[in-house]
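Below is my_file21.cif, which holds mmCIF, C-alpha atoms.
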data_my_file
loop_
_atom_site.label_atom_id
_atom_site.label_comp_id
_atom_site.auth_asym_id
_atom_site.auth_seq_id
_atom_site.Cartn_x
_atom_site.Cartn_y
_atom_site.Cartn_z
CA MET V 221 -4.15 -5.11 -25.41
CA GLN V 222 -7.49 -3.32 -25.34
CA THR V 223 -8.02 -0.43 -27.73
CA ILE V 224 -10.53 2.33 -28.48
CA THR V 225 -11.12 3.26 -32.11
CA ILE V 226 -12.16 6.83 -32.88
CA HIS V 227 -13.31 8.03 -36.31
CA GLY V 228 -12.79 11.78 -36.30
CA ARG V 229 -14.67 14.85 -37.52
CA GLN V 230 -18.18 13.78 -36.47
CA PRO V 231 -20.04 16.72 -34.83
CA LEU V 232 -21.61 16.12 -31.43
CA HIS V 233 -25.23 16.84 -30.51
CA GLY V 234 -27.42 16.19 -27.46
CA SER V 235 -27.37 16.37 -23.68
CA ILE V 236 -25.04 14.70 -21.21
CA ARG V 237 -24.94 14.59 -17.41
CA PRO V 238 -21.70 14.08 -15.45
CA ALA V 239 -21.69 11.33 -12.85
CA ALA V 240 -20.63 11.85 -9.23
CA ALA V 241 -17.08 13.15 -8.95
CA LYS V 242 -14.34 10.55 -8.65
CA ASN V 243 -12.26 13.05 -6.67
CA SER V 244 -15.05 13.28 -4.08
CA ALA V 245 -16.33 9.71 -4.03
CA LEU V 246 -12.95 8.10 -3.32
CA PRO V 247 -12.06 10.11 -0.16
CA LEU V 248 -15.68 9.91 1.04
CA LEU V 249 -15.52 6.12 0.89
CA ALA V 250 -12.43 6.26 3.10
CA ALA V 251 -14.13 8.72 5.47
CA SER V 252 -17.04 6.31 5.93
CA LEU V 253 -14.70 4.18 8.07
CA LEU V 254 -14.95 6.88 10.77
CA CYS V 255 -18.72 6.56 11.04
CA GLY V 256 -20.56 4.68 13.75
CA GLY V 257 -23.66 4.27 11.59
CA PRO V 258 -24.43 3.15 8.04
CA CYS V 259 -23.56 5.45 5.15
CA ARG V 260 -24.96 5.60 1.64
CA LEU V 261 -23.20 7.49 -1.15
CA ARG V 262 -25.60 8.21 -3.99
CA GLY V 263 -24.88 7.65 -7.66
CA VAL V 264 -21.24 6.59 -7.42
CA PRO V 265 -20.06 5.60 -10.93
CA ALA V 266 -18.58 2.20 -11.71
CA LEU V 267 -14.97 3.33 -12.04
CA ALA V 268 -11.89 1.15 -11.74
CA ASP V 269 -10.70 3.22 -8.75
CA VAL V 270 -14.10 2.83 -7.07
CA ASP V 271 -13.82 -0.95 -7.49
CA THR V 272 -10.35 -0.77 -5.92
CA SER V 273 -11.73 1.30 -3.04
CA LEU V 274 -14.46 -1.26 -2.36
CA ALA V 275 -11.87 -4.03 -2.36
CA LEU V 276 -9.69 -2.02 0.03
CA LEU V 277 -12.58 -1.34 2.41
CA GLN V 278 -13.41 -5.03 2.48
CA ALA V 279 -9.75 -5.99 2.93
CA VAL V 280 -9.47 -3.94 6.14
CA GLY V 281 -12.67 -5.46 7.53
CA ALA V 282 -15.39 -3.00 6.52
CA ASP V 283 -18.83 -3.93 5.20
CA ALA V 284 -19.02 -2.10 1.86
CA GLN V 285 -21.00 -3.04 -1.19
CA ARG V 286 -22.89 -1.71 -4.17
CA CYS V 287 -26.60 -1.05 -3.69
CA GLY V 288 -27.76 -0.40 -7.24
CA ALA V 289 -26.24 2.90 -8.30
CA ASP V 290 -25.20 3.69 -4.70
CA ILE V 291 -22.52 2.38 -2.35
CA CYS V 292 -23.51 1.36 1.17
CA THR V 293 -21.15 0.95 4.11
CA ARG V 294 -21.79 -0.27 7.63
CA PRO V 295 -19.59 0.12 10.70
CA ALA V 296 -17.33 -2.78 11.61
CA ASP V 297 -16.51 -3.86 15.16
CA ALA V 298 -12.79 -4.06 14.37
CA LEU V 299 -10.62 -2.96 11.48
CA CYS V 300 -7.22 -4.11 10.29
CA GLY V 301 -4.62 -1.42 9.64
CA GLU V 302 -2.70 -3.41 7.02
CA ILE V 303 -3.43 -2.12 3.50
CA PRO V 304 -2.53 -4.82 0.94
CA ASP V 305 0.30 -3.89 -1.41
CA TYR V 306 -1.64 -4.74 -4.56
CA LEU V 307 -4.48 -2.38 -3.61
CA ALA V 308 -2.26 0.48 -2.48
CA GLY V 309 -0.30 0.21 -5.71
CA ALA V 310 -3.43 0.37 -7.85
CA MET V 311 -4.41 3.95 -7.00
CA ARG V 312 -3.06 7.09 -5.42
CA SER V 313 -6.24 7.48 -3.36
CA SER V 314 -5.17 4.72 -0.98
CA VAL V 315 -3.47 7.55 0.95
CA PHE V 316 -6.93 8.62 2.18
CA TYR V 317 -7.01 5.55 4.44
CA LEU V 318 -4.14 6.79 6.62
CA ALA V 319 -6.28 8.89 8.98
CA PRO V 320 -9.38 6.65 9.22
CA LEU V 321 -7.41 3.49 9.96
CA LEU V 322 -5.07 5.28 12.37
CA CYS V 323 -8.10 6.56 14.27
CA ARG V 324 -10.14 3.35 14.15
CA ALA V 325 -7.51 0.56 14.26
CA GLY V 326 -4.82 2.43 16.17
CA TYR V 327 -2.24 1.84 13.45
CA VAL V 328 -1.95 1.76 9.69
CA ARG V 329 0.68 0.44 7.28
CA LEU V 330 0.48 1.93 3.79
CA PRO V 331 2.72 0.78 0.93
CA LEU V 332 3.67 3.59 -1.43
CA PRO V 333 0.51 4.55 -3.34
CA GLY V 334 0.25 4.03 -7.08
CA GLY V 335 -1.86 5.75 -9.74
CA CYS V 336 -0.85 7.98 -12.63
CA ARG V 337 2.85 8.76 -13.14
CA LEU V 338 2.52 12.53 -12.90
CA GLY V 339 5.76 12.99 -11.00
CA PRO V 340 6.51 13.03 -7.26
CA ARG V 341 3.43 13.52 -5.10
CA PRO V 342 4.88 13.29 -1.60
CA VAL V 343 2.77 12.42 1.42
CA ASP V 344 4.96 14.50 3.72
CA ILE V 345 2.17 17.00 4.50
CA HIS V 346 -0.19 14.16 5.45
CA LEU V 347 2.49 12.67 7.72
CA ALA V 348 3.62 15.96 9.26
CA GLY V 349 0.06 16.88 10.15
CA LEU V 350 -0.74 13.49 11.64
CA ALA V 351 2.54 13.50 13.59
CA SER V 352 1.65 16.90 15.05
CA MET V 353 -1.59 15.32 16.30
CA GLY V 354 0.33 12.62 18.12
CA ALA V 355 0.89 9.88 15.55
CA GLU V 356 4.17 7.97 15.56
CA VAL V 357 5.52 7.77 12.01
CA GLU V 358 7.91 5.10 10.78
CA LEU V 359 9.22 5.17 7.19
CA GLU V 360 10.29 1.81 5.79
CA GLY V 361 11.40 2.82 2.32
CA ILE V 362 8.55 1.13 0.46
CA ALA V 363 5.88 1.80 3.07
CA VAL V 364 4.92 4.04 5.94
CA THR V 365 3.53 2.89 9.29
CA LEU V 366 1.64 5.14 11.70
CA ARG V 367 0.69 4.28 15.29
CA ARG V 368 -0.98 6.09 18.14
CA LYS V 369 -0.75 5.28 21.84
CA GLY V 370 -3.84 7.27 22.76
CA PRO V 371 -6.34 9.56 21.07
CA LEU V 372 -5.01 12.12 18.62
CA HIS V 373 -5.11 15.71 19.86
CA GLY V 374 -6.09 18.96 18.21
CA VAL V 375 -3.38 21.22 16.78
CA ASP V 376 -2.82 24.49 14.97
CA PHE V 377 -1.15 23.30 11.75
CA THR V 378 -0.06 25.14 8.61
CA LEU V 379 0.13 23.19 5.34
CA ARG V 380 3.25 24.13 3.37
CA LEU V 381 1.12 24.13 0.20
CA PRO V 382 -2.65 23.79 -0.37
CA SER V 383 -2.70 20.03 -0.97
CA VAL V 384 -6.22 18.70 -1.54
CA GLY V 385 -5.29 15.22 -0.34
CA ALA V 386 -3.51 16.43 2.80
CA THR V 387 -6.37 18.79 3.65
CA MET V 388 -8.82 15.88 3.43
CA THR V 389 -6.56 13.60 5.49
CA LEU V 390 -6.18 16.17 8.26
CA LEU V 391 -9.89 17.02 8.26
CA MET V 392 -10.69 13.34 8.88
CA ALA V 393 -8.08 13.06 11.61
CA ALA V 394 -9.21 16.30 13.27
CA CYS V 395 -12.78 15.03 13.56
CA CYS V 396 -11.54 12.20 15.78
CA ALA V 397 -8.89 14.19 17.65
CA GLN V 398 -9.58 15.57 21.12
CA GLY V 399 -9.93 19.34 21.16
CA ARG V 400 -9.82 21.98 18.47
CA THR V 401 -7.78 21.79 15.27
CA VAL V 402 -7.03 24.76 13.04
CA LEU V 403 -5.75 24.00 9.53
CA ARG V 404 -4.08 26.96 7.85
CA GLY V 405 -3.20 27.11 4.16
CA ALA V 406 -5.87 24.50 3.43
CA ALA V 407 -7.02 23.66 -0.09
CA ARG V 408 -10.27 25.27 -1.24
CA GLU V 409 -11.34 22.98 -4.10
CA PRO V 410 -15.06 22.10 -4.36
CA GLU V 411 -14.23 18.53 -3.30
CA ILE V 412 -13.03 19.90 0.06
CA GLY V 413 -16.48 21.41 0.53
CA ASP V 414 -18.04 18.07 -0.33
CA MET V 415 -15.92 16.31 2.29
CA ILE V 416 -16.91 18.94 4.87
CA ALA V 417 -20.61 18.56 3.97
CA PHE V 418 -20.40 14.79 4.40
CA LEU V 419 -18.54 14.92 7.71
CA CYS V 420 -20.92 17.56 9.08
CA ALA V 421 -23.91 15.44 8.02
CA CYS V 422 -22.35 12.67 10.11
CA GLY V 423 -22.07 14.97 13.13
CA ALA V 424 -18.73 16.78 12.76
CA ASP V 425 -18.28 20.45 13.66
CA ILE V 426 -16.24 22.16 10.91
CA SER V 427 -16.17 25.84 9.99
CA GLY V 428 -14.33 27.94 7.45
CA TYR V 429 -15.43 26.28 4.20
CA GLY V 430 -14.40 28.34 1.19
CA THR V 431 -11.42 29.84 3.02
CA SER V 432 -7.88 28.63 3.57
CA ILE V 433 -8.42 28.34 7.34
CA LEU V 434 -10.54 25.44 8.56
CA THR V 435 -11.48 24.91 12.20
CA VAL V 436 -12.59 21.53 13.55
CA GLN V 437 -14.03 20.92 17.01
CA GLY V 438 -12.91 17.33 17.40
CA GLY V 439 -14.00 14.39 19.50
CA ARG V 440 -17.65 14.38 18.46
CA PRO V 441 -19.07 10.94 17.65
CA LEU V 442 -19.79 10.49 13.94
CA GLY V 443 -22.92 8.67 12.87
CA GLY V 444 -23.96 7.67 9.38
CA ALA V 445 -25.35 9.77 6.57
CA VAL V 446 -26.87 9.64 3.10
CA HIS V 447 -24.89 11.88 0.78
CA ALA V 448 -24.77 12.56 -2.96
CA PRO V 449 -21.22 13.50 -4.00
CA LEU V 450 -21.00 16.60 -6.15
CA PRO V 451 -20.98 16.23 -9.96
CA ASP V 452 -17.68 15.52 -11.66
CA ARG V 453 -16.37 18.89 -12.86
CA ILE V 454 -13.47 17.22 -14.71
CA ALA V 455 -15.86 14.96 -16.63
CA ALA V 456 -17.93 18.05 -17.50
CA ALA V 457 -14.79 19.76 -18.79
CA THR V 458 -13.98 16.63 -20.82
CA TYR V 459 -17.37 16.75 -22.57
CA ALA V 460 -16.87 20.46 -23.22
CA ALA V 461 -13.43 19.79 -24.71
CA ALA V 462 -14.90 17.05 -26.91
CA LEU V 463 -17.43 19.53 -28.30
CA ALA V 464 -14.68 22.07 -28.97
CA ALA V 465 -12.62 19.50 -30.88
CA ALA V 466 -15.44 17.93 -32.89
CA GLY V 467 -17.89 20.82 -33.28
CA GLY V 468 -21.68 20.66 -32.95
CA ASP V 469 -23.83 21.64 -30.00
CA ILE V 470 -24.35 19.96 -26.63
CA ARG V 471 -25.83 20.73 -23.22
CA ILE V 472 -24.06 19.58 -20.05
CA THR V 473 -26.75 19.18 -17.40
CA SER V 474 -27.05 18.79 -13.61
CA CYS V 475 -23.66 20.41 -12.96
CA ASP V 476 -23.12 23.99 -11.85
CA PRO V 477 -20.96 25.69 -14.54
CA ALA V 478 -19.10 27.49 -11.76
CA LEU V 479 -17.46 24.16 -10.88
CA TYR V 480 -15.55 24.26 -14.17
CA GLY V 481 -15.89 27.95 -14.93
CA ALA V 482 -12.19 28.48 -15.68
CA PHE V 483 -12.36 25.84 -18.41
CA LEU V 484 -15.52 27.32 -19.92
CA GLN V 485 -13.89 30.76 -19.95
CA PHE V 486 -10.91 29.26 -21.79
CA LEU V 487 -13.19 27.68 -24.39
CA ALA V 488 -15.04 30.96 -24.89
CA GLN V 489 -11.67 32.59 -25.55
CA THR V 490 -11.02 30.07 -28.36
CA GLY V 491 -14.37 30.84 -30.01
CA VAL V 492 -16.76 28.25 -28.57
CA GLN V 493 -20.21 29.73 -27.97
CA ILE V 494 -21.31 29.17 -24.37
CA GLU V 495 -24.57 29.82 -22.55
CA ASN V 496 -24.76 29.09 -18.82
CA GLY V 497 -27.76 28.29 -16.64
CA PRO V 498 -27.95 27.57 -12.90
CA ASP V 499 -27.01 23.88 -13.33
CA TRP V 500 -26.30 23.53 -17.05
CA ALA V 501 -24.04 24.83 -19.80
CA GLY V 502 -24.86 24.93 -23.50
CA LEU V 503 -21.92 24.84 -25.92
CA ALA V 504 -21.84 25.23 -29.68
CA ARG V 505 -19.12 25.41 -32.31
CA ASN V 506 -19.17 25.46 -36.10
CA PRO V 507 -16.53 22.87 -37.12
CA ALA V 508 -15.85 24.82 -40.33
CA VAL V 509 -14.58 27.80 -38.33
CA PRO V 510 -11.09 27.38 -36.84
CA LEU V 511 -10.62 27.89 -33.14
CA ARG V 512 -8.48 30.78 -31.87
CA GLY V 513 -5.21 29.94 -30.17
CA GLY V 514 -2.59 32.30 -28.79
CA VAL V 515 -3.54 31.20 -25.30
CA GLN V 516 -1.38 31.25 -22.16
CA LEU V 517 -2.69 28.98 -19.37
CA CYS V 518 -1.33 28.22 -15.91
CA ALA V 519 -2.75 25.23 -14.04
CA ASP V 520 -2.74 25.64 -10.27
CA ALA V 521 -4.82 25.15 -7.14
CA TRP V 522 -8.45 26.32 -6.97
CA PRO V 523 -9.76 28.73 -8.11
CA ALA V 524 -7.13 28.71 -10.86
CA PHE V 525 -7.28 26.59 -14.01
CA ALA V 526 -7.54 22.95 -12.84
CA THR V 527 -4.50 20.75 -13.43
CA ASP V 528 -6.68 17.80 -14.50
CA THR V 529 -8.04 19.91 -17.35
CA ALA V 530 -4.64 21.02 -18.67
CA PRO V 531 -4.23 18.07 -21.11
CA LEU V 532 -7.82 18.60 -22.30
CA ALA V 533 -7.07 22.24 -23.04
CA ALA V 534 -3.97 21.15 -24.94
CA ALA V 535 -6.04 18.78 -27.09
CA VAL V 536 -8.36 21.67 -28.01
CA LEU V 537 -5.47 24.00 -28.90
CA LEU V 538 -3.61 21.63 -31.25
CA ALA V 539 -5.54 22.78 -34.31
CA ALA V 540 -6.34 26.29 -33.09
CA GLU V 541 -4.76 29.21 -34.96
CA GLY V 542 -1.86 30.71 -33.06
CA LYS V 543 0.88 29.58 -30.68
CA SER V 544 -0.23 28.60 -27.19
CA GLU V 545 1.47 27.54 -24.00
CA ILE V 546 0.32 25.69 -20.88
CA PHE V 547 2.27 25.57 -17.61
CA ASP V 548 1.35 23.23 -14.74
CA ARG V 549 2.50 24.36 -11.29
CA LEU V 550 1.37 21.16 -9.57
CA PHE V 551 2.70 18.18 -11.53
CA PRO V 552 6.02 17.98 -13.42
CA ASN V 553 4.92 15.22 -15.79
CA ARG V 554 1.39 16.34 -16.65
CA PHE V 555 2.00 16.34 -20.42
CA ALA V 556 3.08 12.76 -21.10
CA CYS V 557 0.32 12.83 -23.74
CA ALA V 558 2.50 15.09 -25.92
CA ALA V 559 3.99 12.07 -27.72
CA GLY V 560 0.49 11.00 -28.77
CA PHE V 561 -0.34 14.51 -29.95
CA ALA V 562 2.83 14.52 -32.08
CA ALA V 563 1.94 11.13 -33.57
CA MET V 564 -1.34 12.69 -34.74
CA GLY V 565 0.53 15.47 -36.55
CA ALA V 566 0.52 18.20 -33.92
CA GLU V 567 3.56 20.39 -33.43
CA VAL V 568 4.10 20.32 -29.66
CA THR V 569 7.08 20.52 -27.32
CA ALA V 570 6.93 19.35 -23.72
CA LYS V 571 9.62 20.64 -21.35
CA GLY V 572 8.97 19.61 -17.79
CA ARG V 573 5.88 21.40 -16.54
CA ARG V 574 5.50 23.39 -19.77
CA LEU V 575 3.78 22.41 -23.03
CA MET V 576 4.29 24.60 -26.09
CA ILE V 577 1.78 24.23 -28.92
CA ALA V 578 2.50 25.67 -32.38
CA GLY V 579 -1.20 25.54 -33.32
CA GLY V 580 -2.79 25.29 -36.73
CA SER V 581 -2.11 21.55 -37.07
CA ARG V 582 -4.28 19.42 -39.31
CA LEU V 583 -4.59 16.34 -37.13
CA ARG V 584 -4.68 12.86 -38.61
CA GLY V 585 -5.61 9.52 -37.15
CA ALA V 586 -2.78 7.48 -35.65
CA ALA V 587 -2.02 4.69 -33.21
CA VAL V 588 -1.41 6.29 -29.80
CA THR V 589 -1.14 5.07 -26.21
CA ALA V 590 -2.86 6.50 -23.14
CA PRO V 591 -0.04 7.45 -20.73
CA ASP V 592 -2.32 8.22 -17.77
CA LEU V 593 -5.94 9.02 -16.91
CA ARG V 594 -6.33 12.62 -18.11
CA GLY V 595 -3.72 12.27 -20.85
CA GLY V 596 -5.69 9.34 -22.25
CA ALA V 597 -8.90 11.37 -22.21
CA ALA V 598 -7.06 14.22 -23.96
CA LEU V 599 -5.90 11.90 -26.74
CA LEU V 600 -9.49 10.75 -27.24
CA VAL V 601 -10.59 14.40 -27.44
CA ALA V 602 -7.88 15.22 -29.99
CA ALA V 603 -8.90 12.20 -32.08
CA LEU V 604 -12.45 13.59 -32.33
CA GLY V 605 -11.05 16.50 -34.34
CA ALA V 606 -8.64 14.46 -36.48
CA ASP V 607 -8.98 13.19 -40.05
CA GLY V 608 -9.37 9.43 -40.33
CA THR V 609 -9.18 6.82 -37.60
CA THR V 610 -7.24 6.87 -34.34
CA THR V 611 -6.49 3.75 -32.33
CA LEU V 612 -6.08 4.50 -28.63
CA ARG V 613 -4.14 1.74 -26.90
CA ASP V 614 -4.01 0.88 -23.20
CA PRO V 615 -7.23 2.76 -22.35
CA GLY V 616 -7.52 1.14 -18.91
CA HIS V 617 -6.17 4.35 -17.39
CA ILE V 618 -9.25 6.19 -18.66
CA ARG V 619 -11.67 3.89 -16.83
CA ARG V 620 -10.05 4.95 -13.56
CA GLY V 621 -11.87 8.28 -13.93
CA TYR V 622 -14.73 7.68 -16.38
CA ALA V 623 -17.17 4.76 -16.22
CA ASP V 624 -17.60 4.67 -20.01
CA LEU V 625 -16.16 7.73 -21.74
CA PRO V 626 -16.29 6.17 -25.24
CA GLY V 627 -19.95 5.23 -24.75
CA GLU V 628 -20.86 8.67 -23.40
CA ILE V 629 -19.28 10.46 -26.37
CA ARG V 630 -20.75 7.91 -28.77
CA ARG V 631 -24.24 8.78 -27.52
CA LEU V 632 -23.55 12.36 -28.59
CA GLY V 633 -22.91 11.20 -32.15
CA ALA V 634 -19.21 10.32 -32.26
CA GLU V 635 -18.05 7.20 -34.09
CA ILE V 636 -16.17 5.32 -31.40
CA GLY V 637 -15.69 1.57 -31.17
#

Translate this structure into structure tokens?
Amino acid sequence: MQTITIHGRQPLHGSIRPAAAKNSALPLLAASLLCGGPCRLRGVPALADVDTSLALLQAVGADAQRCGADICTRPADALCGEIPDYLAGAMRSSVFYLAPLLCRAGYVRLPLPGGCRLGPRPVDIHLAGLASMGAEVELEGIAVTLRRKGPLHGVDFTLRLPSVGATMTLLMAACCAQGRTVLRGAAREPEIGDMIAFLCACGADISGYGTSILTVQGGRPLGGAVHAPLPDRIAAATYAAALAAAGGDIRITSCDPALYGAFLQFLAQTGVQIENGPDWAGLARNPAVPLRGGVQLCADAWPAFATDTAPLAAAVLLAAEGKSEIFDRLFPNRFACAAGFAAMGAEVTAKGRRLMIAGGSRLRGAAVTAPDLRGGAALLVAALGADGTTTLRDPGHIRRGYADLPGEIRRLGAEIG
């Protein structure tokens, strides 16, 4: 089993730049299947999920490959709608291939997607929206198959909750549907704006960005485009959390602080000194001065506190003075990392969507296991503020969202092997 070894209490110093956002790059790769011309996505990091996406694109007949730091795709004459089980099971983002393959191949069979075990993440909104556009949906227990007899048609559809994934799926489908589609109750995360920017660069007509009502004039041919996905706001928050845990001073560059503003506001509340510029954030913390706890956080859809940053916030609050609590409205198993926190000496209690943190813990190195992507990153962050050495087992989850998180933190001065 692979491990990461972290020697705690080493202050961080220097500058760091987040790579392109995983949560943008993965759906954009799927959207490239809709394009009648070549596409180039700039600066896509070498993540495990990106590798899986490339394999999936190639498995359905697309021409997709790395071009240095970029990924290049070219249109294929014909695509296969069968998504291999082993690729669908490797990542949740395989769901983004429902709409492109339905539109291009006329059918798609998707085994139940895999990814982190954060609790049920149903695809019912994806399916209901596609069915309203004319797709025939067949559930097989372990897979779903969609077919269309003719072109999809525009609809006026209300999402029962602002699902980022379903909003992206229905945006892609609406671009190929005949007529106008209105999506109500749509998600408003920055990654939705990135998807809209890419599709519009390819020739789509989409309005309403930044609101919960999106309007798509469908049926326009989509060409290719060169597009740089937005910076990874969750990676930026991870670096900020690492600074808060370890102390020191760092600058996070080439990423608008507004993208992770809720997390920066939280850190300021705990006592981290923060200075923001137009595309950078400077953070400083004296490790000899305890952080302030007594924080109540609720993770929810944008613009609220991001669910992916909830475990990172927990890692920061373990040693902070005062009781804190974090509630996650989106995922019922977000705090599987609590067992690792407890092994390091933290007093925490996880009850469903809620994590209660006693605060004031003197963390110590321990052997812990990464339960999922963000929980693994949170354990690494906690280890940076712990006495002694922490061994983080099963870190493969982390590489699904960070190309080399240990190396990035090491370059800031941490002792990580």

Of the listed residues V:Ile226, V:Ala245, V:Leu599, V:Ala558, that which approaches Phe418 in chain V most closely, counting only C-alpha atoms: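 Among V:Ile226, V:Ala245, V:Leu599, V:Ala558, it is V:Ala245 that comes nearest to Phe418 in chain V.
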
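Around Cys518 in chain V, within 9 Å and counting all atoms listed in the file, the residues found are Ala524, Phe525, Ala526, Thr527, Ala530, Glu545, Ile546, Phe547, Asp548 and Arg549 of chain V, once anything fewer than 5 positions away on its own chain is removed.
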
So which residues get picked by the PyMOL selection byres ((chain V and resi 307-309) around 12) here, written as a PyMOL selection string? chain V and resi 268-280+302-306+310-318+329-337+362-364

Explicit residue set for the PyMOL selection byres ((chain V and resi 609) around 12), as an MDAnalysis selection string: chainID V and resid 224:230 564 583:588 600 602:608 610:612 634:637

Residues in the PyMOL selection byres ((chain V and resi 261) around 8), expressed as a PDB file with C-alpha atoms, in the frame of the given file:
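Written file, expr21.pdb:
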ATOM      1  CA  ALA V 245     -16.330   9.710  -4.030  1.00  0.00           C
ATOM      2  CA  CYS V 259     -23.560   5.450   5.150  1.00  0.00           C
ATOM      3  CA  ARG V 260     -24.960   5.600   1.640  1.00  0.00           C
ATOM      4  CA  ARG V 262     -25.600   8.210  -3.990  1.00  0.00           C
ATOM      5  CA  GLY V 263     -24.880   7.650  -7.660  1.00  0.00           C
ATOM      6  CA  VAL V 264     -21.240   6.590  -7.420  1.00  0.00           C
ATOM      7  CA  ASP V 290     -25.200   3.690  -4.700  1.00  0.00           C
ATOM      8  CA  ILE V 291     -22.520   2.380  -2.350  1.00  0.00           C
ATOM      9  CA  CYS V 292     -23.510   1.360   1.170  1.00  0.00           C
ATOM     10  CA  VAL V 446     -26.870   9.640   3.100  1.00  0.00           C
ATOM     11  CA  HIS V 447     -24.890  11.880   0.780  1.00  0.00           C
ATOM     12  CA  ALA V 448     -24.770  12.560  -2.960  1.00  0.00           C
ATOM     13  CA  PRO V 449     -21.220  13.500  -4.000  1.00  0.00           C
TER      14      PRO V 449
END

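Proximity to Ala533 in chain V was assessed for V:Lys571, V:Ala460, V:Ile494, V:Asp592 counting all atoms listed in the file; the smallest distance is recorded for V:Ala460.
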
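Nearest-residue note for Pro238 in chain V: choosing from V:Pro258, V:Gly481, V:Gly616, V:Pro265, the minimum distance belongs to V:Pro265, counting only C-alpha atoms.
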
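Minimum distance to Ser427 in chain V across V:Arg400, V:Arg453, V:His373, V:Arg582 (counting all atoms listed in the file) occurs at V:Arg400.
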
Which one is closest to Leu246 in chain V: V:Gly542, V:Gly621, V:Gly288, V:Gly428? Count all atoms listed in the file.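 Comparing V:Gly542, V:Gly621, V:Gly288, V:Gly428 against Leu246 in chain V, the winner is V:Gly621.
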
Using only C-alpha atoms, which protein or nucleic acid residues come within 10 Å of Ala556 in chain V? Drop anything in the same chain fewer than 3 positions from it, and give the result as a list in words. Arg337, Leu338, Pro531, Pro552, Asn553, Ala559, Gly560, Phe561, Ala570, Gly572, Leu575, Ala590, Pro591, Asp592, Arg594, Gly595 and Gly596 of chain V

List as JSON, numbers by chain: which residues have an atom within 7 Å of (-4.0, 21.0, -34.0), counting all atoms listed in the file? {"V": [537, 538, 539, 540, 566, 579, 580, 581, 582, 583]}

Find the residue from V:Cys323, V:Leu511, V:Arg237, V:Gln493 that sits nearest to Asp476 in chain V; use all atoms listed in the file when measuring. V:Arg237

Could you check which residues have any atom within 8 Å of (-18.7, 20.8, 6.4), counting all atoms listed in the file with coordinates taken straight from the file, and then list them as JSON, numbers by chain? {"V": [413, 414, 415, 416, 417, 418, 419, 420, 421, 424, 425, 426, 427, 429]}

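Coordinates place CA of Asn243 in chain V at a distance of 26.3 Å from CA of Leu372 in chain V.
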
Would you mind listing what lies within 12 Å of Leu322 in chain V as a VMD selection string, with only C-alpha atoms counted and same-chain residues fewer than 3 positions away left out? chain V and resid 250 to 251 253 to 254 280 299 to 303 315 to 319 325 to 330 347 350 to 351 353 to 357 364 to 372 389 to 390 392 to 394 396 to 397

Have a look at CA of Pro231 in chain V and CA of Gly633 in chain V and let me know their distance in Å, one decimal.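 Interatomic distance, CA of Pro231 in chain V to CA of Gly633 in chain V: 6.8 Å.
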
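Rounded to one decimal, CA of Leu249 in chain V and CA of Val384 in chain V lie 15.8 Å from each other.
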